[in-house]
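> See work_18.csv below, with CSV, C-alpha atoms.
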chain,number,residue,atom,x,y,z
A,114,ILE,CA,-17.4,-16.8,-5.8
A,115,ARG,CA,-19.7,-14.9,-8.1
A,116,PHE,CA,-20.8,-11.3,-8.1
A,117,PHE,CA,-24.2,-10.1,-9.1
A,118,SER,CA,-25.2,-6.9,-10.9
A,119,ALA,CA,-28.1,-6.3,-8.5
A,120,GLY,CA,-25.9,-5.6,-5.6
A,121,ALA,CA,-22.5,-6.0,-3.9
A,122,TYR,CA,-21.0,-7.7,-0.9
A,123,ALA,CA,-20.2,-5.7,2.1
A,124,ASN,CA,-17.7,-8.0,3.9
A,125,LEU,CA,-16.5,-11.0,2.0
A,126,THR,CA,-15.6,-13.7,4.5
A,127,LEU,CA,-14.1,-17.1,3.4
A,128,ASN,CA,-14.4,-20.3,5.4
A,129,ASN,CA,-14.2,-23.0,2.8
A,130,THR,CA,-12.1,-25.9,4.2
A,131,GLU,CA,-12.0,-28.0,1.0
A,132,ALA,CA,-8.3,-28.7,0.7
A,133,THR,CA,-7.7,-28.8,-3.0
A,134,THR,CA,-9.8,-26.0,-4.6
A,135,GLY,CA,-11.3,-24.2,-1.7
A,136,ALA,CA,-13.1,-21.0,-2.6
A,137,THR,CA,-12.2,-19.6,-6.0
A,138,LEU,CA,-12.9,-16.1,-7.4
A,139,GLY,CA,-15.1,-16.1,-10.5
A,140,ALA,CA,-14.6,-12.5,-11.2
A,141,ALA,CA,-12.3,-9.6,-10.2
A,142,VAL,CA,-12.8,-7.9,-6.9
A,143,THR,CA,-13.5,-4.2,-7.1
A,144,ALA,CA,-14.2,-1.5,-4.5
A,145,THR,CA,-17.8,-1.4,-5.7
A,146,ASN,CA,-18.6,-5.2,-5.6
A,147,VAL,CA,-16.8,-5.7,-2.2
A,148,THR,CA,-17.3,-2.5,-0.2
A,149,GLN,CA,-15.9,-3.6,3.1
A,150,ASN,CA,-13.2,-6.1,4.3
A,151,VAL,CA,-12.0,-9.4,2.8
A,152,SER,CA,-11.3,-12.0,5.4
A,153,VAL,CA,-9.9,-15.5,4.8
A,154,ASN,CA,-10.8,-17.0,8.2
A,155,SER,CA,-10.1,-20.7,7.4
A,156,GLY,CA,-9.4,-23.1,4.6
A,157,LEU,CA,-8.2,-22.1,1.1
A,158,PHE,CA,-9.0,-19.0,-0.9
A,159,ARG,CA,-7.8,-18.8,-4.5
A,160,THR,CA,-7.9,-15.5,-6.5
A,161,ASN,CA,-7.8,-17.4,-9.8
A,162,ASN,CA,-5.2,-14.8,-10.9
A,163,LEU,CA,-8.0,-12.2,-11.1
A,164,ALA,CA,-7.6,-8.6,-10.1
A,165,MET,CA,-8.4,-7.4,-6.6
A,166,ALA,CA,-8.9,-3.7,-5.9
A,167,MET,CA,-10.1,-2.9,-2.4
A,168,ALA,CA,-12.0,0.0,-1.0
A,169,ALA,CA,-10.4,2.7,1.1
A,170,SER,CA,-9.6,2.1,4.8
A,171,LYS,CA,-10.5,-1.6,4.5
A,172,THR,CA,-8.6,-4.7,5.6
A,173,LEU,CA,-7.4,-7.9,3.9
A,174,LEU,CA,-7.0,-10.6,6.5
A,175,VAL,CA,-5.6,-14.1,6.2
A,176,ALA,CA,-6.2,-15.7,9.5
A,177,LEU,CA,-3.9,-18.2,11.3
A,178,GLY,CA,-4.4,-21.6,9.7
A,179,ALA,CA,-5.9,-20.2,6.5
A,180,THR,CA,-4.3,-20.0,3.1
A,181,MET,CA,-4.7,-17.4,0.4
A,182,ASN,CA,-3.3,-18.5,-2.9
A,183,ALA,CA,-3.0,-15.2,-4.7
A,184,GLY,CA,-1.4,-16.6,-7.9
A,185,THR,CA,-0.3,-13.8,-10.2
A,186,THR,CA,-2.9,-11.4,-8.7
A,187,SER,CA,-1.4,-8.0,-7.8
A,188,ILE,CA,-3.7,-6.7,-5.0
A,189,ALA,CA,-4.5,-3.0,-4.9
A,190,PRO,CA,-5.4,-1.9,-1.4
A,191,GLY,CA,-7.3,1.3,-1.0
A,192,THR,CA,-6.0,4.4,0.8
A,193,THR,CA,-5.2,3.9,4.5
A,194,ALA,CA,-5.8,0.2,4.0
A,195,PHE,CA,-4.6,-2.7,6.1
A,196,VAL,CA,-3.2,-6.1,5.1
A,197,THR,CA,-2.8,-8.6,7.9
A,198,ILE,CA,-1.3,-12.0,7.2
A,199,ASN,CA,-1.4,-14.5,10.1
A,200,GLY,CA,-1.7,-17.6,8.0
A,201,THR,CA,-0.2,-18.5,4.6
A,202,PHE,CA,0.0,-16.1,1.7
A,203,GLN,CA,1.2,-17.7,-1.6
A,204,THR,CA,2.2,-15.5,-4.5
A,205,ALA,CA,3.5,-16.2,-8.0
A,206,VAL,CA,4.0,-12.4,-8.8
A,207,THR,CA,7.5,-12.1,-10.1
A,208,ALA,CA,7.9,-8.6,-8.7
A,209,GLY,CA,7.7,-9.9,-5.1
A,210,PHE,CA,5.4,-9.7,-2.1
A,211,SER,CA,5.4,-6.0,-1.5
A,212,GLY,CA,7.3,-2.8,-2.1
A,213,SER,CA,6.4,-1.9,-5.6
A,214,GLY,CA,3.4,-1.0,-7.7
A,215,THR,CA,3.4,-4.4,-9.4
A,216,ALA,CA,4.0,-6.5,-6.3
A,217,ALA,CA,1.5,-9.0,-4.9
A,218,ILE,CA,0.5,-6.3,-2.4
A,219,ARG,CA,0.9,-3.0,-4.3
A,220,ASN,CA,2.5,-0.1,-2.4
A,221,THR,CA,0.6,2.6,-4.4
A,222,ASN,CA,-1.5,3.6,-1.5
A,223,THR,CA,1.1,2.7,1.2
A,224,PRO,CA,-1.1,0.1,3.0
A,225,THR,CA,-0.1,-1.0,6.5
A,226,ILE,CA,1.2,-4.6,6.2
A,227,THR,CA,1.4,-6.8,9.3
A,228,LEU,CA,2.9,-10.2,9.2
A,229,GLY,CA,1.9,-12.3,12.2
A,230,ALA,CA,4.3,-14.4,14.3
A,231,SER,CA,3.3,-17.6,12.6
A,232,SER,CA,2.7,-16.2,9.1
A,233,ILE,CA,4.2,-17.9,6.0
A,234,ILE,CA,4.9,-16.0,2.8
A,235,GLU,CA,5.4,-18.5,0.1
A,236,TYR,CA,7.1,-17.4,-3.2
A,237,ASN,CA,5.9,-20.0,-5.7
A,238,ALA,CA,6.4,-18.7,-9.2
A,239,ALA,CA,7.8,-21.2,-11.7
A,240,ALA,CA,9.7,-18.3,-13.4
A,241,ALA,CA,12.4,-16.2,-11.8
A,242,GLN,CA,10.9,-14.2,-8.9
A,243,THR,CA,12.0,-11.5,-6.6
A,244,VAL,CA,11.9,-12.0,-2.8
A,245,THR,CA,11.0,-8.7,-1.3
A,246,ASN,CA,13.6,-7.4,1.3
A,247,ARG,CA,11.6,-7.1,4.5
A,248,THR,CA,12.8,-7.3,8.1
A,249,ASP,CA,9.5,-8.5,9.6
A,250,TYR,CA,9.0,-11.9,8.0
A,251,ALA,CA,8.1,-14.8,10.2
A,252,ASN,CA,8.4,-17.8,7.9
A,253,VAL,CA,9.4,-17.7,4.2
A,254,THR,CA,9.0,-20.6,1.8
A,255,LEU,CA,10.6,-20.7,-1.6
A,256,THR,CA,8.9,-23.0,-4.1
A,257,GLY,CA,9.8,-23.5,-7.8
A,258,GLY,CA,12.3,-21.6,-9.9
A,259,SER,CA,15.0,-19.1,-9.0
A,260,LYS,CA,14.4,-16.5,-6.3
A,261,THR,CA,16.4,-13.3,-6.4
A,262,ILE,CA,16.7,-12.1,-2.9
A,263,GLY,CA,16.1,-8.4,-2.5
A,264,THR,CA,15.7,-5.6,-5.1
A,265,GLY,CA,19.1,-4.1,-4.8
A,266,GLY,CA,22.4,-4.2,-3.0
A,267,ALA,CA,23.1,-3.6,0.7
A,268,GLN,CA,19.7,-4.8,1.8
A,269,THR,CA,18.6,-7.0,4.7
A,270,VAL,CA,16.1,-9.8,4.9
A,271,THR,CA,15.1,-10.9,8.4
A,272,LEU,CA,13.0,-13.9,9.4
A,273,SER,CA,11.9,-14.5,13.0
A,274,LYS,CA,11.2,-18.2,12.1
A,275,THR,CA,12.1,-20.6,9.4
A,276,LEU,CA,13.5,-20.3,5.9
A,277,THR,CA,12.4,-23.2,3.7
A,278,ILE,CA,13.9,-23.8,0.3
A,279,ASN,CA,11.9,-26.5,-1.4
A,280,THR,CA,13.1,-29.0,-4.0
A,281,GLY,CA,13.5,-27.3,-7.3
A,282,ALA,CA,13.8,-23.8,-5.8
A,283,THR,CA,16.9,-21.7,-5.7
A,284,TYR,CA,17.8,-19.0,-3.2
A,285,ASP,CA,19.8,-16.6,-5.3
A,286,GLY,CA,21.8,-14.3,-2.9
A,287,SER,CA,24.6,-13.8,-5.5
A,288,THR,CA,22.7,-11.1,-7.5
A,289,ASN,CA,22.2,-8.6,-4.6
A,290,SER,CA,24.2,-10.2,-1.7
A,291,PRO,CA,21.6,-9.3,1.0
A,292,ILE,CA,22.3,-9.7,4.7
A,293,LEU,CA,20.2,-12.7,5.9
A,294,ASN,CA,19.1,-13.0,9.5
A,295,ILE,CA,17.3,-16.2,10.5
A,296,GLY,CA,15.6,-16.6,13.9
A,297,GLY,CA,14.4,-20.2,13.3
A,298,ASP,CA,15.4,-23.2,11.3
A,299,PHE,CA,17.1,-23.2,7.9
A,300,SER,CA,15.6,-26.0,5.7
A,301,ASN,CA,17.3,-26.5,2.3
A,302,SER,CA,16.1,-29.1,-0.1
A,303,GLY,CA,16.8,-27.0,-3.1
A,304,THR,CA,19.8,-24.8,-4.0
A,305,PHE,CA,21.3,-22.1,-1.7
A,306,THR,CA,23.7,-19.4,-3.1
A,307,GLN,CA,24.8,-17.1,-0.3
A,308,GLY,CA,26.5,-14.3,-2.2
A,309,THR,CA,29.0,-12.1,-0.3
A,310,ALA,CA,26.9,-10.9,2.6
A,311,LEU,CA,26.6,-12.2,6.2
A,312,VAL,CA,24.2,-15.0,7.3
A,313,THR,CA,23.3,-14.7,11.0
A,314,PHE,CA,21.5,-17.3,13.0
A,315,ASN,CA,20.0,-15.2,15.8
A,316,GLY,CA,17.1,-17.1,17.4
A,317,THR,CA,16.3,-17.4,21.0
A,318,ALA,CA,15.5,-21.1,20.9
A,319,ALA,CA,17.7,-23.9,19.5
A,320,GLN,CA,18.0,-23.7,15.7
A,321,THR,CA,18.7,-26.4,13.1
A,322,ILE,CA,20.2,-26.5,9.6
A,323,LEU,CA,18.3,-29.3,7.8
A,324,GLY,CA,16.9,-30.5,4.5
A,325,SER,CA,17.8,-32.9,1.8
A,326,SER,CA,20.4,-30.7,0.1
A,327,ALA,CA,23.9,-30.0,1.3
A,328,THR,CA,24.3,-26.3,2.0
A,329,THR,CA,27.4,-24.3,1.0
A,330,PHE,CA,28.1,-21.1,2.8
A,331,THR,CA,30.5,-19.1,0.7
A,332,ASN,CA,31.0,-16.2,3.1
A,333,ASN,CA,30.8,-15.4,6.8
A,334,VAL,CA,28.2,-17.1,9.0
A,335,THR,CA,27.5,-15.9,12.5
A,336,LEU,CA,25.8,-17.7,15.4
A,337,SER,CA,24.2,-15.3,17.9
A,338,ASN,CA,22.1,-17.7,19.8
A,339,ALA,CA,22.9,-18.9,23.3
A,340,ALA,CA,20.6,-22.0,22.7
A,341,GLY,CA,22.8,-23.2,19.9
A,342,LEU,CA,22.6,-24.4,16.4
A,343,SER,CA,22.5,-28.1,15.3
A,344,ILE,CA,23.2,-29.5,11.9
A,345,THR,CA,21.4,-32.5,10.3
A,346,THR,CA,22.7,-32.0,6.8
A,347,SER,CA,26.3,-31.3,5.6
A,348,PRO,CA,27.0,-27.6,5.2
A,349,THR,CA,30.3,-26.6,3.7
Would you mind writing the file out in structure tokens?


Amino acid sequence: IRFFSAGAYANLTLNNTEATTGATLGAAVTATNVTQNVSVNSGLFRTNNLAMAMAASKTLLVALGATMNAGTTSIAPGTTAFVTINGTFQTAVTAGFSGSGTAAIRNTNTPTITLGASSIIEYNAAAAQTVTNRTDYANVTLTGGSKTIGTGGAQTVTLSKTLTINTGATYDGSTNSPILNIGGDFSNSGTFTQGTALVTFNGTAAQTILGSSATTFTNNVTLSNAAGLSITTSPT
């Protein structure tokens, strides 16, 4: 994606379905070279680790089925802006997805962030990375490196759907001991360290503990789901 000195985009809409590289930024996005909304409607959009600063009152949308690989880009929404993630948002920003001025979605202008019912937030930094404490996640995927859950003590992380810990990734709950609520499946093929806080399985449909790694729960686990919980790995 290139920008030209002779003018600017109004709306920037991405529909590139090439699976490997997709559409890739060739220069930083500013409020003057993209004056309206940025919409990833299908396929893959990569920021190429370039800066993105959006105009006031505009929307960043990742549609259902689309993927935005934001890399180490820290996106700066304008004032009264909106960020809607219905598809997959991948971030390697070590400060987390949201909640700080250096996160993948900066909170400087307090954007309205909406995570759709099928959305996936994937934390994929190879280095140590913070997983933002939010109570409105749908699916969360941890890929590569150690993930410190939360930014401080006595916090809660809630997922309505699945927590996936991929091979080589570590869920580090021991640093901040956050409360973890899971409404879907728990898939662990990496390392899970609970910490001292409660893990609650509170879905409304049957849930499963699965994955290629044995999971050790070192503190209390509560099942609050009339549909039940099945185990296909060996938790201890």

> How many Å separate atom CA of A:Phe202 from atom CA of A:Ile234?

5.0 Å

> List every protein, DNA or RNA residue with an atom no more than 12 Å from (10.4, -21.5, 10.9) in the file's coordinates, counting all atoms listed in the file, and format the result as a compact mmCIF listing (two decimals) with C-alpha atoms, keeping the file's coordinate frame.


# COMPACT_ATOMS: atom_id res chain seq x y z
CA ALA A 230 4.30 -14.40 14.30
CA SER A 231 3.30 -17.60 12.60
CA SER A 232 2.70 -16.20 9.10
CA ILE A 233 4.20 -17.90 6.00
CA ILE A 234 4.90 -16.00 2.80
CA TYR A 250 9.00 -11.90 8.00
CA ALA A 251 8.10 -14.80 10.20
CA ASN A 252 8.40 -17.80 7.90
CA VAL A 253 9.40 -17.70 4.20
CA THR A 254 9.00 -20.60 1.80
CA THR A 271 15.10 -10.90 8.40
CA LEU A 272 13.00 -13.90 9.40
CA SER A 273 11.90 -14.50 13.00
CA LYS A 274 11.20 -18.20 12.10
CA THR A 275 12.10 -20.60 9.40
CA LEU A 276 13.50 -20.30 5.90
CA THR A 277 12.40 -23.20 3.70
CA ILE A 278 13.90 -23.80 0.30
CA ILE A 295 17.30 -16.20 10.50
CA GLY A 296 15.60 -16.60 13.90
CA GLY A 297 14.40 -20.20 13.30
CA ASP A 298 15.40 -23.20 11.30
CA PHE A 299 17.10 -23.20 7.90
CA SER A 300 15.60 -26.00 5.70
CA GLY A 316 17.10 -17.10 17.40
CA ALA A 318 15.50 -21.10 20.90
CA ALA A 319 17.70 -23.90 19.50
CA GLN A 320 18.00 -23.70 15.70
CA THR A 321 18.70 -26.40 13.10
CA ILE A 322 20.20 -26.50 9.60
CA LEU A 323 18.30 -29.30 7.80

> Using all atoms listed in the file, find the one residue out of A:Ala183, A:Ala189, A:Ile344, A:Ala208 that sits nearest to A:Leu138.

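Nearest to A:Leu138: A:Ala183.
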
> Which one is closest to A:Thr306: A:Gly265, A:Gly258, A:Pro291, A:Gly286? Count only C-alpha atoms.

A:Gly286

> What does the distance from atom CA of A:Ala339 to atom CA of A:Phe314 come to in Å, to one decimal?

10.5 Å

> From the set A:Leu163, A:Ala179, A:Ile292, A:Ala216, which residue has the shortest atom-to-atom contact distance to A:Thr248, counting all atoms listed in the file?

A:Ile292
